[in-house]
>>> print(open('work.tsv').read())   # TSV, C-alpha atoms
chain	number	residue	atom	x	y	z
X	299	MET	CA	-10.35	7.21	34.37
X	300	THR	CA	-7.29	8.47	32.64
X	301	ALA	CA	-3.87	7.08	33.27
X	302	GLU	CA	-2.82	10.31	34.95
X	303	GLU	CA	-5.76	10.23	37.35
X	304	ASN	CA	-5.01	6.66	38.22
X	305	ALA	CA	-1.38	7.45	38.91
X	306	GLY	CA	-2.46	10.35	41.10
X	307	GLU	CA	-4.73	8.14	43.22
X	308	GLU	CA	-1.85	5.90	44.02
X	309	GLY	CA	0.03	8.92	45.30
X	310	ARG	CA	2.86	8.77	42.80
X	311	VAL	CA	3.45	9.82	39.28
X	312	VAL	CA	4.70	6.97	37.18
X	313	GLU	CA	4.86	7.84	33.54
X	314	LEU	CA	5.82	4.50	32.13
X	315	PRO	CA	2.78	2.50	33.29
X	316	ALA	CA	0.52	5.29	32.06
X	317	ALA	CA	2.17	5.19	28.67
X	318	SER	CA	2.01	1.42	28.64
X	319	ARG	CA	-1.68	1.37	29.44
X	320	ALA	CA	-2.39	3.84	26.66
X	321	THR	CA	-0.31	1.68	24.36
X	322	ASP	CA	-2.20	-1.46	25.40
X	323	ILE	CA	-5.54	0.20	24.70
X	324	ALA	CA	-4.24	1.41	21.36
X	325	LEU	CA	-2.86	-2.00	20.43
X	326	ASP	CA	-6.14	-3.73	21.24
X	327	GLU	CA	-7.99	-1.24	19.09
X	328	LEU	CA	-5.39	-1.62	16.36
X	329	GLU	CA	-6.05	-5.37	16.34
X	330	LEU	CA	-9.59	-4.56	15.23
X	331	VAL	CA	-8.28	-2.09	12.68
X	332	TYR	CA	-5.89	-4.70	11.33
X	333	ALA	CA	-8.69	-7.26	10.92
X	334	PHE	CA	-10.84	-4.61	9.27
X	335	ILE	CA	-8.11	-3.64	6.82
X	336	TYR	CA	-7.01	-7.23	6.15
X	337	ALA	CA	-10.58	-8.13	5.24
X	338	ARG	CA	-10.39	-5.50	2.50
X	339	VAL	CA	-6.91	-5.82	1.06
X	340	GLY	CA	-6.65	-9.61	1.44
X	341	ASN	CA	-2.97	-9.85	2.28
X	342	ARG	CA	-0.77	-9.44	5.30
X	343	ALA	CA	1.92	-7.15	3.91
X	344	ASP	CA	-0.48	-4.45	2.76
X	345	ALA	CA	-2.60	-4.86	5.90
X	346	GLU	CA	0.47	-4.30	8.09
X	347	ASP	CA	1.58	-1.24	6.14
X	348	LEU	CA	-1.85	0.32	6.32
X	349	THR	CA	-2.29	-0.49	10.01
X	350	GLN	CA	1.04	1.21	10.69
X	351	GLN	CA	-0.12	4.24	8.81
X	352	VAL	CA	-3.32	4.35	10.85
X	353	ALA	CA	-1.37	3.96	14.11
X	354	LEU	CA	1.09	6.70	13.30
X	355	LYS	CA	-1.58	9.08	12.12
X	356	ALA	CA	-3.48	8.43	15.32
X	357	ILE	CA	-0.56	9.02	17.69
X	358	PRO	CA	-1.35	12.68	18.43
X	359	ARG	CA	-4.89	11.65	19.36
X	360	LEU	CA	-3.68	8.71	21.44
X	361	ARG	CA	-1.39	11.04	23.35
X	362	GLN	CA	-4.35	13.11	24.45
X	363	GLY	CA	-5.47	10.20	26.67
X	364	ALA	CA	-8.84	9.84	24.97
X	365	PRO	CA	-11.13	6.98	26.10
X	366	ALA	CA	-11.10	3.73	24.13
X	367	SER	CA	-14.45	4.44	22.50
X	368	ALA	CA	-13.23	7.76	21.12
X	369	ILE	CA	-9.98	6.18	20.00
X	370	ARG	CA	-11.89	3.46	18.16
X	371	GLY	CA	-13.99	5.94	16.25
X	372	TYR	CA	-10.94	7.93	15.29
X	373	LEU	CA	-8.93	4.85	14.29
X	374	PHE	CA	-11.68	3.51	12.06
X	375	ALA	CA	-12.22	6.89	10.44
X	376	THR	CA	-8.48	7.00	9.79
X	377	ALA	CA	-8.54	3.41	8.52
X	378	ARG	CA	-11.24	4.31	5.99
X	379	SER	CA	-9.25	7.26	4.77
X	380	VAL	CA	-6.03	5.22	4.54
X	381	LEU	CA	-7.86	2.46	2.65
X	382	GLY	CA	-9.31	5.00	0.25
X	383	ALA	CA	-5.85	6.44	-0.40
X	384	PHE	CA	-4.44	2.93	-0.81
X	385	TRP	CA	-6.94	1.90	-3.48
X	386	SER	CA	-6.85	5.19	-5.30
X	387	THR	CA	-3.05	5.13	-5.45
X	388	ARG	CA	-2.81	1.49	-6.45
X	389	LEU	CA	-5.49	1.83	-9.09
X	390	GLY	CA	-4.34	5.23	-10.29
X	391	LEU	CA	-7.73	6.81	-9.67
X	392	SER	CA	-8.74	9.95	-7.90
X	393	GLU	CA	-10.57	9.20	-4.69
X	394	ALA	CA	-13.70	10.73	-6.17
X	395	GLU	CA	-13.60	8.25	-9.06
X	396	LEU	CA	-12.85	5.46	-6.65
X	397	HIS	CA	-15.73	6.23	-4.36
X	398	GLU	CA	-18.32	6.44	-7.08
X	399	ASP	CA	-19.24	2.80	-6.84
X	400	LEU	CA	-16.73	1.25	-4.55
X	401	ALA	CA	-18.55	0.82	-1.29
X	402	LEU	CA	-16.49	-2.29	-0.61
X	403	ALA	CA	-13.31	-0.27	-0.25
X	404	VAL	CA	-14.72	2.45	1.93
X	405	PRO	CA	-17.09	0.88	4.43
X	406	THR	CA	-19.04	3.22	6.61
X	407	SER	CA	-18.61	1.54	9.98
X	408	PRO	CA	-16.49	-1.07	11.72
X	409	PRO	CA	-17.80	-4.62	11.29
X	410	SER	CA	-18.78	-6.74	14.24
X	411	GLU	CA	-17.62	-9.96	12.64
X	412	GLU	CA	-16.14	-10.78	9.29
X	413	GLY	CA	-15.29	-14.12	7.90
X	414	VAL	CA	-16.36	-17.13	6.01
X	415	GLU	CA	-20.01	-16.45	6.81
X	416	ILE	CA	-19.85	-13.15	4.97
X	417	VAL	CA	-18.08	-14.75	2.04
X	418	GLN	CA	-20.85	-17.35	1.99
X	419	SER	CA	-23.53	-14.65	2.09
X	420	ILE	CA	-21.92	-12.89	-0.85
X	421	LEU	CA	-21.57	-16.10	-2.81
X	422	ALA	CA	-25.14	-17.14	-2.00
X	423	GLN	CA	-26.40	-14.23	-4.05
X	424	LEU	CA	-24.56	-15.28	-7.21
X	425	SER	CA	-25.65	-17.66	-9.95
X	426	ASP	CA	-24.62	-21.31	-9.55
X	427	ASN	CA	-21.59	-21.18	-11.84
X	428	TYR	CA	-20.27	-17.93	-10.45
X	429	ARG	CA	-20.70	-19.15	-6.90
X	430	ARG	CA	-18.99	-22.45	-7.68
X	431	VAL	CA	-15.94	-20.91	-9.32
X	432	LEU	CA	-15.37	-18.49	-6.46
X	433	GLU	CA	-15.99	-21.15	-3.82
X	434	LEU	CA	-13.47	-23.47	-5.38
X	435	ARG	CA	-10.83	-20.77	-5.79
X	436	PHE	CA	-11.22	-18.74	-2.62
X	437	LEU	CA	-12.62	-21.20	-0.08
X	438	HIS	CA	-11.06	-24.45	-1.30
X	439	GLY	CA	-7.87	-22.98	-2.75
X	440	TYR	CA	-8.20	-24.74	-6.12
X	441	SER	CA	-5.91	-23.69	-8.96
X	442	LEU	CA	-7.51	-22.54	-12.19
X	443	LYS	CA	-6.67	-25.89	-13.76
X	444	GLU	CA	-8.32	-27.76	-10.92
X	445	VAL	CA	-11.41	-25.58	-11.14
X	446	ALA	CA	-11.55	-26.22	-14.89
X	447	ALA	CA	-11.35	-29.98	-14.32
X	448	GLU	CA	-13.96	-29.85	-11.58
X	449	MET	CA	-16.35	-27.81	-13.68
X	450	LYS	CA	-15.58	-29.68	-16.89
X	451	SER	CA	-14.45	-26.58	-18.68
X	452	THR	CA	-11.25	-24.99	-19.97
X	453	VAL	CA	-8.81	-22.80	-18.10
X	454	GLY	CA	-9.55	-19.91	-20.48
X	455	ALA	CA	-13.28	-20.16	-19.94
X	456	ILE	CA	-12.83	-20.40	-16.16
X	457	LYS	CA	-10.68	-17.28	-16.16
X	458	VAL	CA	-13.40	-15.33	-17.91
X	459	MET	CA	-16.04	-16.81	-15.62
X	460	GLN	CA	-13.96	-15.88	-12.57
X	461	LEU	CA	-13.72	-12.27	-13.74
X	462	ARG	CA	-17.47	-12.07	-14.32
X	463	ALA	CA	-18.15	-13.74	-10.99
X	464	LEU	CA	-15.95	-11.21	-9.18
X	465	ARG	CA	-17.69	-8.34	-10.96
X	466	ALA	CA	-20.99	-9.78	-9.82
X	467	ALA	CA	-19.69	-10.31	-6.28
X	468	ALA	CA	-18.66	-6.67	-6.15
X	469	LYS	CA	-22.25	-5.66	-6.74
X	470	VAL	CA	-23.54	-7.65	-3.78
X	471	ARG	CA	-24.33	-5.27	-0.96
X	472	LEU	CA	-24.38	-6.63	2.55
X	473	PRO	CA	-25.38	-4.68	5.63
X	474	GLU	CA	-22.20	-3.28	7.19
F	120	MET	CA	-2.51	-11.95	-24.04
F	121	ASN	CA	-1.67	-10.71	-20.54
F	122	ASP	CA	-3.51	-7.49	-21.23
F	123	ARG	CA	-6.82	-9.28	-21.30
F	124	PRO	CA	-8.78	-8.33	-18.19
F	125	GLU	CA	-9.38	-11.96	-17.20
F	126	ASN	CA	-5.61	-12.58	-17.26
F	127	ARG	CA	-4.79	-9.48	-15.27
F	128	VAL	CA	-7.42	-10.27	-12.67
F	129	GLU	CA	-6.31	-13.90	-12.47
F	130	LYS	CA	-2.76	-12.74	-11.75
F	131	ILE	CA	-4.05	-10.60	-8.91
F	132	VAL	CA	-6.23	-13.44	-7.59
F	133	ALA	CA	-3.26	-15.84	-7.71
F	134	ASP	CA	-1.11	-13.32	-5.80
F	135	LEU	CA	-3.79	-12.91	-3.15
F	136	LEU	CA	-4.30	-16.64	-2.75
F	137	HIS	CA	-0.56	-17.05	-2.27
F	138	GLY	CA	-0.57	-14.34	0.41
F	139	ARG	CA	1.30	-11.88	-1.75
F	140	ARG	CA	0.93	-8.14	-1.74
F	141	LEU	CA	-1.41	-6.48	-4.26
F	142	ARG	CA	0.59	-5.44	-7.29
F	143	LEU	CA	-1.56	-3.43	-9.62
F	144	ARG	CA	-0.68	-1.89	-12.94
F	145	GLY	CA	-1.97	0.94	-15.01
F	146	GLY	CA	-5.21	-0.21	-16.62
F	147	ASP	CA	-6.25	-2.34	-13.67
F	148	ALA	CA	-8.58	0.47	-12.62
F	149	GLU	CA	-10.99	-0.74	-15.29
F	150	GLU	CA	-11.50	-3.82	-13.17
F	151	LYS	CA	-11.56	-2.06	-9.84
F	152	GLU	CA	-14.77	-3.75	-8.76
F	153	ALA	CA	-13.49	-7.25	-9.55
F	154	ILE	CA	-10.11	-6.54	-7.91
F	155	THR	CA	-11.54	-5.16	-4.68
F	156	ALA	CA	-14.04	-8.02	-4.57
F	157	ALA	CA	-11.18	-10.50	-4.96
F	158	ALA	CA	-9.24	-8.78	-2.17
F	159	ARG	CA	-12.27	-8.89	0.06
F	160	LEU	CA	-12.96	-12.57	-0.59
F	161	ALA	CA	-9.30	-13.40	-0.02
F	162	GLY	CA	-9.24	-11.28	3.13
F	163	MET	CA	-12.28	-12.90	4.70
F	164	ARG	CA	-11.90	-16.50	3.66
F	165	HIS	CA	-10.00	-17.43	6.84
F	166	GLY	CA	-12.06	-15.32	9.21
F	167	PRO	CA	-10.92	-12.24	11.11
F	168	GLN	CA	-7.14	-11.98	11.15
F	169	ARG	CA	-4.96	-11.00	14.07
F	170	MET	CA	-1.65	-9.22	13.84
F	171	ASN	CA	1.47	-11.28	13.57
F	172	PRO	CA	3.17	-11.13	17.03
F	173	ALA	CA	6.35	-9.61	15.59
F	174	PHE	CA	4.37	-6.91	13.84
F	175	ARG	CA	2.37	-6.20	17.00
F	176	LYS	CA	5.59	-5.91	18.96
F	177	SER	CA	7.10	-3.46	16.46
F	178	LEU	CA	3.90	-1.43	16.56
F	179	GLU	CA	4.02	-1.42	20.35
F	180	ARG	CA	7.62	-0.20	20.33
F	181	THR	CA	6.73	2.54	17.91
F	182	LEU	CA	3.76	3.70	19.94
F	183	GLU	CA	5.77	3.78	23.13
F	184	GLU	CA	8.75	5.50	21.58
F	185	THR	CA	6.66	8.14	19.95
F	186	GLN	CA	4.61	8.69	23.08
F	187	THR	CA	7.84	9.36	24.91
F	188	GLU	CA	9.45	11.41	22.21
F	189	GLY	CA	6.33	13.21	21.18
F	190	TRP	CA	7.26	13.26	17.54
F	191	ILE	CA	8.73	10.96	14.96
F	192	THR	CA	11.85	11.44	12.96
F	193	ARG	CA	12.11	9.69	9.66
F	194	ARG	CA	15.19	7.91	10.96
F	195	ALA	CA	13.45	6.63	14.08
F	196	ALA	CA	10.60	5.33	11.99
F	197	LEU	CA	12.93	3.66	9.54
F	198	VAL	CA	14.75	1.97	12.40
F	199	ALA	CA	11.39	0.66	13.54
F	200	GLY	CA	10.70	-0.50	10.00
F	201	LEU	CA	8.05	2.07	9.36
F	202	GLY	CA	9.52	4.22	6.65
F	203	LEU	CA	6.54	5.07	4.53
F	204	ALA	CA	4.14	5.17	7.41
F	205	ALA	CA	6.46	7.63	9.09
F	206	GLY	CA	6.09	9.88	6.10
F	207	ALA	CA	2.34	9.74	6.44
F	208	ALA	CA	2.57	10.25	10.19
F	209	GLY	CA	4.95	13.12	9.71
F	210	GLY	CA	2.33	14.79	7.59
F	211	ALA	CA	-0.36	14.11	10.17
F	212	ILE	CA	1.76	15.47	12.98
F	213	LEU	CA	2.77	18.50	11.01
F	214	GLY	CA	-0.88	19.09	10.34
F	215	ARG	CA	-1.28	19.50	14.09
F	216	ASP	CA	1.46	22.10	14.28
F	217	LEU	CA	3.74	20.00	16.40
F	218	SER	CA	7.43	20.46	15.97
F	219	PRO	CA	10.16	19.81	15.09
F	220	ARG	CA	9.56	18.81	11.52
F	221	PRO	CA	10.45	15.29	10.44
F	222	VAL	CA	13.81	15.11	8.77
F	223	GLN	CA	13.58	14.80	5.02
F	224	ALA	CA	16.85	13.98	3.33
F	225	ALA	CA	17.63	16.09	0.30
F	226	ALA	CA	18.00	14.08	-2.87
F	227	GLN	CA	21.63	14.25	-3.86
F	228	PRO	CA	22.70	13.28	-7.35
F	229	ILE	CA	24.39	9.91	-7.57
F	230	GLU	CA	28.13	10.52	-7.90
F	231	PRO	CA	29.70	7.08	-8.33
F	232	GLN	CA	33.30	6.74	-7.23
F	233	ASN	CA	35.41	6.35	-10.35
F	234	GLY	CA	32.21	6.83	-12.26
F	235	ARG	CA	32.16	6.53	-16.01
F	236	TRP	CA	29.72	7.44	-18.70
F	237	ILE	CA	27.88	4.38	-19.95
F	238	ASP	CA	26.07	4.27	-23.27
F	239	VAL	CA	22.51	3.17	-22.53
F	240	ALA	CA	20.42	4.00	-25.59
F	241	ALA	CA	20.05	6.06	-28.73
F	242	LEU	CA	18.19	9.32	-28.18
F	243	ASN	CA	15.82	8.27	-30.93
F	244	ASP	CA	14.90	5.18	-28.95
F	245	LEU	CA	13.45	7.32	-26.19
F	246	VAL	CA	9.88	8.43	-26.43
F	247	GLU	CA	9.02	11.85	-25.08
F	248	GLY	CA	7.22	11.54	-21.75
F	249	GLN	CA	8.00	7.86	-21.29
F	250	GLY	CA	10.60	6.64	-18.85
F	251	LYS	CA	13.10	4.08	-20.03
F	252	ARG	CA	14.72	1.81	-17.46
F	253	VAL	CA	18.47	1.61	-18.03
F	254	THR	CA	21.45	0.14	-16.23
F	255	ALA	CA	24.83	1.82	-16.10
F	256	GLY	CA	26.97	-0.73	-14.28
F	257	GLY	CA	25.78	-0.60	-10.70
F	258	VAL	CA	23.46	2.36	-11.26
F	259	GLY	CA	19.86	1.73	-12.25
F	260	ALA	CA	17.95	4.69	-13.62
F	261	PHE	CA	14.90	5.86	-15.50
F	262	VAL	CA	15.82	8.16	-18.35
F	263	PHE	CA	13.36	10.70	-19.72
F	264	ARG	CA	13.66	12.57	-22.97
F	265	HIS	CA	12.89	16.28	-23.22
F	266	GLY	CA	13.39	17.19	-26.86
F	267	ASP	CA	17.11	16.92	-27.49
F	268	THR	CA	18.06	16.55	-23.85
F	269	VAL	CA	17.54	13.90	-21.23
F	270	THR	CA	17.18	13.68	-17.47
F	271	ALA	CA	17.45	10.64	-15.26
F	272	VAL	CA	16.51	9.60	-11.76
F	273	SER	CA	17.38	6.56	-9.70
F	274	SER	CA	15.22	3.52	-10.34
F	275	VAL	CA	15.20	2.69	-6.63
F	276	CYS	CA	12.43	4.00	-4.39
F	277	SER	CA	13.57	6.54	-1.81
F	278	HIS	CA	11.70	4.65	0.87
F	279	LEU	CA	12.32	0.93	0.51
F	280	PRO	CA	14.98	-0.51	-1.78
F	281	CYS	CA	12.46	-1.65	-4.36
F	282	GLU	CA	12.79	-1.19	-8.10
F	283	LEU	CA	10.30	1.34	-9.39
F	284	TRP	CA	8.29	0.79	-12.55
F	285	PHE	CA	7.10	3.27	-15.10
F	286	ASP	CA	3.33	3.54	-15.11
F	287	ARG	CA	2.21	4.52	-18.60
F	288	HIS	CA	-1.23	5.20	-17.22
F	289	ASP	CA	-0.15	8.46	-15.62
F	290	SER	CA	3.50	8.71	-16.72
F	291	ASN	CA	4.83	8.45	-13.19
F	292	LEU	CA	7.17	6.06	-11.44
F	293	ALA	CA	5.48	3.70	-9.01
F	294	CYS	CA	6.88	1.61	-6.20
F	295	PRO	CA	5.74	-2.02	-6.23
F	296	CYS	CA	6.36	-2.36	-2.49
F	297	HIS	CA	4.30	0.54	-1.18
F	298	PRO	CA	1.76	2.99	-2.50
F	299	ALA	CA	4.45	5.54	-3.31
F	300	ARG	CA	4.73	7.36	-6.63
F	301	PHE	CA	7.16	9.85	-8.13
F	302	THR	CA	7.09	12.24	-11.05
F	303	PRO	CA	9.68	11.85	-13.83
F	304	ALA	CA	11.65	14.56	-12.01
F	305	GLY	CA	11.75	12.31	-8.96
F	306	ARG	CA	9.39	14.41	-6.87
F	307	PRO	CA	7.15	12.33	-4.59
F	308	ILE	CA	3.43	12.62	-5.18
F	309	ASP	CA	0.54	11.53	-2.98
F	310	SER	CA	0.42	12.57	0.62
F	311	TYR	CA	3.57	10.84	1.78
F	312	THR	CA	6.50	12.99	2.80
F	313	LEU	CA	9.10	10.81	1.16
F	314	PRO	CA	12.43	12.17	-0.02
F	315	ALA	CA	12.74	12.79	-3.75
F	316	LEU	CA	14.48	10.22	-5.92
F	317	ASN	CA	18.20	10.71	-6.38
F	318	PRO	CA	18.97	12.39	-9.68
F	319	VAL	CA	21.32	10.49	-11.98
F	320	HIS	CA	23.66	12.33	-14.36
F	321	ALA	CA	22.71	11.77	-17.97
F	322	ARG	CA	23.75	13.38	-21.25
F	323	VAL	CA	23.32	13.15	-25.00
F	324	THR	CA	26.47	12.81	-27.10
F	325	ALA	CA	27.07	14.52	-30.44
F	326	ALA	CA	26.37	11.17	-32.07
F	327	GLY	CA	22.89	11.11	-30.56
F	328	ARG	CA	23.65	8.50	-27.94
F	329	VAL	CA	22.35	8.71	-24.38
F	330	GLU	CA	24.91	8.17	-21.65
F	331	VAL	CA	24.40	7.78	-17.92
F	332	LEU	CA	27.08	8.31	-15.28
F	333	GLY	CA	27.43	4.86	-13.78
F	334	THR	CA	30.09	2.38	-12.76
F	335	GLU	CA	32.32	-0.17	-14.47
>>> encode(input="work.tsv", output="structure tokens")
Amino acid sequence: MTAEENAGEEGRVVELPAASRATDIALDELELVYAFIYARVGNRADAEDLTQQVALKAIPRLRQGAPASAIRGYLFATARSVLGAFWSTRLGLSEAELHEDLALAVPTSPPSEEGVEIVQSILAQLSDNYRRVLELRFLHGYSLKEVAAEMKSTVGAIKVMQLRALRAAAKVRLPE
Amino acid sequence: MNDRPENRVEKIVADLLHGRRLRLRGGDAEEKEAITAAARLAGMRHGPQRMNPAFRKSLERTLEETQTEGWITRRAALVAGLGLAAGAAGGAILGRDLSPRPVQAAAQPIEPQNGRWIDVAALNDLVEGQGKRVTAGGVGAFVFRHGDTVTAVSSVCSHLPCELWFDRHDSNLACPCHPARFTPAGRPIDSYTLPALNPVHARVTAAGRVEVLGTE
């Protein structure tokens, strides 16, 4: 039922509640979009900027009073396009170059759940050293120096290992 | 030293782990897989994230205002703290043939009160096609050489007051705060409908010195 129909049933036309309800639906959907984007850019400031872009691009569609399911599909399609533009601009690549082998940046569907379990599944597919260095840095928040001490190595060697581990992690494909 | 890929990627990882925004430079594209993997690991390490309440509130205001107004002016969006996104939205709305058009301020040259010409470099120090960041009192600018002449644009992004940097990778000016880029002439590129950068007066003296109209 659209907001307008609902207002009609109650025998009065009240624009504000209708607008508010549409906004509430949009905000709930945008929470999912935010989580989706955050999981790909890894920081709040960029995630907020990109979520705003998605919201503003979606406003004409939201104003049409579409159902939540249609809004979700549109928002996530917009989120993918905004993420693609974000990475291509930041990396100075055309989107075609970016998309060649960057499935991580342009996922094909919204995730049901994302979190430590997915990080663990990615890490589980790496060799012991690669997994260890990324676990210590990303899950335990160790500094490079602390990782080097823990792994009985040097900061320079850990930096190189971290780069190789990230390259390897990028190649891990998980079902979306 | 810092140009080594492991150092560049470590800097990005450290930024992410400290919750800072992604700041990428020309050349980082070579490590795009490692960088996006780092962003993904950083983004998922604490589980699904929810919007900060203040951000959600500002988004709510924006949605309600724009639903009422039907279109977004650049000013309204800036008031709501949405400058760049408004540019993108403006483009999206324009694409749907809604009117009126978002306001886009014309880029006026910087005319400092009691301005004076400040010596900033020798013409020979400037490399064709490469922007040089200069300061003329209170005016920051990027100066570009074109043979025996020069042009200059403000070094401050037309969206947020962030200092631009010259990206040698594509010879454009890039904003570190948002994915906004400008040509050496100050024209915005990408899909955002940002205003152009303010031109800055610049000249070459008979002695081959570059001067910029700035302040004391």
>>> residues_around(input="work.tsv", residues="Cys281 (chain F)", least_positions_apart="6", cutoff="12 Å", atoms="all atoms listed in the file", output="ChimeraX atom specification")
/F:259,273-275,292-299
>>> residues_around(input="work.tsv", residues="Ser425 (chain X)", least_positions_apart="2", cutoff="12 Å", atoms="all atoms listed in the file", output="list of chain:residue names")
X:Ile420, X:Leu421, X:Ala422, X:Gln423, X:Asn427, X:Tyr428, X:Arg429, X:Arg430, X:Val431, X:Leu432, X:Glu433, X:Met459, X:Arg462, X:Ala463, X:Leu464, X:Ala466, X:Ala467, X:Val470
>>> atom_distance(input="work.tsv", atom1="CA of Arg142 (chain F)", atom2="CA of Glu346 (chain X)")
15.4 Å
>>> atom_distance(input="work.tsv", atom1="CA of Glu444 (chain X)", atom2="CA of Leu136 (chain F)")
14.4 Å
>>> closest_residue(input="work.tsv", among="X:Ile369, X:Arg378, X:Phe436, X:Val414", to="His137 (chain F)", atoms="all atoms listed in the file")
X:Phe436
>>> closest_residue(input="work.tsv", among="F:Gly257, F:Phe301, F:Val262, F:Pro280", to="chain X", atoms="all atoms listed in the file")
F:Phe301
>>> residues_around(input="work.tsv", residues="Lys457 (chain X)", least_positions_apart="5", cutoff="9 Å", atoms="all atoms listed in the file", output="list in words")
Leu442, Thr452 and Arg462 of chain X; Glu125, Asn126, Val128 and Glu129 of chain F
